[in-house]
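Let me begin by presenting the structure, written as structure tokens, before commenting on it.
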2 protein chains.
Amino acid sequence: MAVITMADVAKRAGVSKSTVSQYLNKRFDYMGEKTKKRIEQAIEELDYSPNFVARSLRQKKTMTIGVIVANILHDFSTQVIRAIEDACHEQDFHVIVCNADDEPVKERRYIEMLRAKQVDGIIVFPTSANVTLYNDLLREGYPLVFVDRMVSKVNVNAVISDNEETVRLAVGEFVAKGYERIAMVLPSLEQQLSPRVERMEGYKKALAEYGLPYCPSYLASGEIEYVQPAFAKMIALESPPQALLAGNDLVLFEVLEYAKREQMRIPEDIAIIGIDDVSFANFYNPSLTTVAQPTFEMGKKAAELLLKQIKNGESSQEEPCVHRFQPTLKRRSSS
Amino acid sequence: MAVITMADVAKRAGVSKSTVSQYLNKRFDYMGEKTKKRIEQAIEELDYSPNFVARSLRQKKTMTIGVIVANILHDFSTQVIRAIEDACHEQDFHVIVCNADDEPVKERRYIEMLRAKQVDGIIVFPTSANVTLYNDLLREGYPLVFVDRMVSKVNVNAVISDNEETVRLAVGEFVAKGYERIAMVLPSLEQQLSPRVERMEGYKKALAEYGLPYCPSYLASGEIEYVQPAFAKMIALESPPQALLAGNDLVLFEVLEYAKREQMRIPEDIAIIGIDDVSFANFYNPSLTTVAQPTFEMGKKAAELLLKQIKNGESSQEEPCVHRFQPTLKRRSSS
DNA sequence: CTGAAAGCGCTTACAG
DNA sequence: CTGAAAGCGCTTACAG
């Protein structure tokens with residue numbers, strides 16, 4: 001358990017710590033062959049591996065980034081994280097994952113902790129409540145990238161999907177199939193999270209584009225436990241919707257559960273499209289039409305943007321911008 | 001961007017670094033009230049936050065653990081990780097997540113990297129190929145916990161589910177429903193991963209327990225792309241199975257896809273039970289009987305075991321043991 | 001009750 | 001081509 005340090009290697013190889021350090025950092029320019037060999041052998045014999053914490057302290061970089069996500073249990077987040085992890089791993093970065101559960105206080109605490117740990121940058125699925133904190137980070141030139149969500153008044157690189165187009169694809173599909181009374185159920189808008197707001201606005205715009213009237217009773221949003229009641233209320237309308245767009249995967253779960261319980265036939269009684277390409281879409285009965293987000297591409301892009309900022313350091317005076325990714329309609333049998 | 005250090009705080013407060021350090025570590029025993037106040041104020045004014053990397057180097061602990069998982073995209077892993085993260089967060093630990101994709105080489109590299117970063121311990125969903133490496137870690141007294149899988153010849157704390165019981169529950173349910181020709185399809189056994197092996201053995205034992213013959217053509221295993229062909233082959237038997245147990249969620253996906261395409265009725269043409277309580281089990285048509293693993297409890301336990309080892313240090317001479325968690329049958333309509 | 005000094009394990013000018 | 005020295009930002013005996 002006695003840990004081997006660079007000094008041990010140096011002593012064994014009969015050289016100084018500096019030289020061992022040069023060796024480790026592959027600065028071989030002026031190193032004699034025999035010196036090299038001896039160091040190599042000493043490292044081998046002692047089974048030495050360098051202490052990254054010491055290196056990090058000295059170099060002021062940890063080769064670690066933080067990712068703050070709403071909840072890793074959400075498929076979308078998991079896929080984005082996996083892509084981030086892969087991209088980071090290629091460049092020998094590690095990632096610390098934190099679940100903020102959409103609680104601004106937790107988010108702030110995580111950001112502070114991650115900074116104290118000197119992570120080289122942070123990718124966050126932001127809540128909308130820490131504007132000042134984000135702007136402080138940006139002012140310092142701290143590498144930061146948003147994913148999935150934008151926050152107004154925070155001018156930062158953001159990787160998000162084209163939410164209006166997402167909804168337009170779904171509405172277009174419904175229209176093509178001849179449905180006119182098209183409803184949408186969204187998760188809670190209380191926090192004004194940008195994808196939800198954009199999807200809601202996209203819904204209104206898409207209806208207008210297709211020359212359909214916007215009917216407020218066909219649009220609902222709320223916490224997950226209110227999804228089924230809201231849906232039930234729509235169904236009970238004098239003129240109930242013929243088609244329903246589920247604002248994300250969790251909403252879709254609720255809708256499918258309700259439809260099953262009430263023995264509604266899909267798409268005869270109610271046509272359904274889900275946003276997020278759920279794992280069972282293909283083999284559900286009926287198979288489910290969905291609009292897929294390019295989660296892996298988004299995660300990869302976010303990692304690339306962050307790593308670029310980290311490499312460029314202060315000098316990276318590129319203006320941050322919003323990177324929109326295009327969704328894909330997966331046409332199946334529920335619409 | 002000029003970073004504030006403890007020296008800055010000390011100067012501003014007119015005390016020494018030592019005293020500031022005492023303050024930060026809440027060693028107030030002998031500290032004068034005015035000193036305390038002045039340090040507090042200096043920290044406030046300078047917006048100082050301590051550098052954890054420096055502290056880690058000095059104290060030889062990073063308050064960070066590593067989790068090496070086969071693939072974070074797997075629901076089981078995600079849930080376990082979430083539980084681990086929650087438990088760690090409570091004790092101010094952070095977690096670095098790594099995807100080894102069941103590749104022993106990647107796993108080894110991650111372990112070495114994590115150690116170089118001086119993480120205080122590692123939780124791993126192990127492949128079976130790095131026995132020596134694991135034993136080296138244990139010999140050093142390095143905190144290590146296995147989850148989901150055991151590895152023979154490695155005597156370490158492991159948190160796993162009772163796989164034989166899992167299968168017994170499923171077979172018992174089939175028997176209760178009057179099925180006699182019960183088949184099972186498993187993911188590849190090539191790597192001899194313990195849950196798969198145990199499930200296979202559990203299958204044979206359960207059949208024997210219930211007085212049913214074991215018929216080799218009712219048992220298949222292989223890479224995911226061979227699941228459907230294997231299932232097709234069973235169905236084509238002269239006396240095809242009446243009931244099928246899917247060895248995990250991915251196998252279940254394949255089976256459901258096949259059943260749908262071939263328009264098989266569930267459970268009339270084939271009764272199905274899945275291991276792992278998939279998200280859509282409740283509202284699938286028909287709803288799916290599954291055997292659920294207590295993923296969150298398992299993750300929590302793994303974190304607790306690891307954190308305990310970390311706290312106890314070398315002194316923790318408790319004999320490592322295997323912690324088995326009990327599965328639950330979720331009786332629904334597919335069986 | 002507080003401070004000076006040494007040290008954690010590296011890296012990096014700089015000297016020779 | 002290689003080594004001595006300083007320093008990254010903390011913590012921790014120890015002295016007073």
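By order of appearance in the structure tokens: chains A, B, ..., then residues from 1 within every chain, and ligands from 1 in the order shown.
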
Hey, list the chain B side of the contact with chain D: 8 Å cut-off, only C-alpha atoms (C1' of nucleotides), answer as an MDAnalysis selection string.
-> chainID B and resid 5:6 18 21 51 54:55 58:59

Compute the chain B side of the contact with chain A at 8 Å, counting only C-alpha atoms, and hand it back as a PyMOL selection string.
-> chain B and resi 1+49-54+56-57+72-73+75+78-79+82+85+94-99+116-118+140-141+253+256-257+260+280+282-285

Which of stretch 157-297 of chain A counts as strand (DSSP E or B) under DSSP, as a list in words please?
->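 Those residues are Asn157, Ala158, Val159, Ile160, Ser161, Ile182, Ala183, Met184, Val185, Leu186, Pro187, Leu219, Ala220, Ser221, Gly222, Ala243, Leu244, Leu245, Ala246, Ala271, Ile272, Ile273, Gly274, Ile275, Thr289, Thr290, Val291 and Ala292 of chain A.
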
Deliver the residues from the most recent selection as a file, using C-alpha atoms, as an mmCIF file, in the first residue's frame.
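Listed below is the output, again05.cif:
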data_model
loop_
_atom_site.group_PDB
_atom_site.id
_atom_site.type_symbol
_atom_site.label_atom_id
_atom_site.label_comp_id
_atom_site.auth_asym_id
_atom_site.auth_seq_id
_atom_site.Cartn_x
_atom_site.Cartn_y
_atom_site.Cartn_z
ATOM 1 C CA ASN A 157 -23.627 27.893 -26.475
ATOM 2 C CA ALA A 158 -26.760 25.784 -26.456
ATOM 3 C CA VAL A 159 -27.500 22.495 -28.165
ATOM 4 C CA ILE A 160 -31.209 22.022 -28.545
ATOM 5 C CA SER A 161 -33.690 20.478 -30.877
ATOM 6 C CA ILE A 182 -55.803 17.891 -33.016
ATOM 7 C CA ALA A 183 -54.978 18.188 -29.324
ATOM 8 C CA MET A 184 -51.722 18.443 -27.418
ATOM 9 C CA VAL A 185 -50.792 17.611 -23.832
ATOM 10 C CA LEU A 186 -47.595 19.012 -22.368
ATOM 11 C CA PRO A 187 -45.727 18.640 -19.111
ATOM 12 C CA LEU A 219 -54.282 22.231 -25.256
ATOM 13 C CA ALA A 220 -53.379 21.100 -21.766
ATOM 14 C CA SER A 221 -50.292 21.163 -19.614
ATOM 15 C CA GLY A 222 -49.467 20.251 -16.057
ATOM 16 C CA ALA A 243 -55.757 13.134 -32.581
ATOM 17 C CA LEU A 244 -53.418 13.783 -29.707
ATOM 18 C CA LEU A 245 -49.798 14.865 -29.594
ATOM 19 C CA ALA A 246 -47.961 13.847 -26.422
ATOM 20 C CA ALA A 271 -54.764 8.927 -33.102
ATOM 21 C CA ILE A 272 -51.551 9.423 -31.160
ATOM 22 C CA ILE A 273 -48.089 10.753 -31.866
ATOM 23 C CA GLY A 274 -45.414 10.941 -29.209
ATOM 24 C CA ILE A 275 -42.473 13.296 -29.005
ATOM 25 C CA THR A 289 -45.704 7.146 -34.572
ATOM 26 C CA THR A 290 -43.167 9.388 -32.895
ATOM 27 C CA VAL A 291 -40.942 12.347 -33.520
ATOM 28 C CA ALA A 292 -37.377 11.429 -32.600
#

Pull the helix (DSSP H, G or I) assignments for stretch 82-210 of chain B out of DSSP run on the backbone, and list those residues as a PyMOL selection string.
-> chain B and resi 82-90+104-116+131-139+163-176+194-209

Length of the atom CA of A:Leu288 to atom CA of A:Arg332 vector [Å] =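 A separation of 5.4 Å between them.
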
State, in Å with one decimal place, the distance from atom CA of B:Leu193 to atom CA of B:Lys233.
->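 Separating atom CA of B:Leu193 from atom CA of B:Lys233 is a distance of 24.8 Å.
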
Just the residues within 12 Å of A:Lys204, please, counting only C-alpha atoms (C1' of nucleotides), with nothing from its chain fewer than 5 positions along; format it as a VMD selection string.
-> chain A and resid 164 to 165 167 to 168 171 182 to 184 197 to 199 209 to 216 218 to 219

Can you tell me how far atom CA of A:Val147 sits from atom CA of A:Phe125, in Å to one decimal?
->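 Here the two named atoms are 5.1 Å from each other.
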
Find the spatial neighbours of A:Ala83, counting only C-alpha atoms (C1' of nucleotides), within a cut-off of 6 Å - ignore same-chain residues fewer than 6 positions away - and output them as a PyMOL selection string.
-> chain A and resi 296+299-300

Mind dumping the selected residues with C-alpha atoms as a CSV table (one decimal), in the first residue's frame?
chain,number,residue,atom,x,y,z
A,296,PHE,CA,-26.6,11.2,-29.6
A,299,GLY,CA,-24.7,15.0,-26.8
A,300,LYS,CA,-21.7,14.7,-29.1
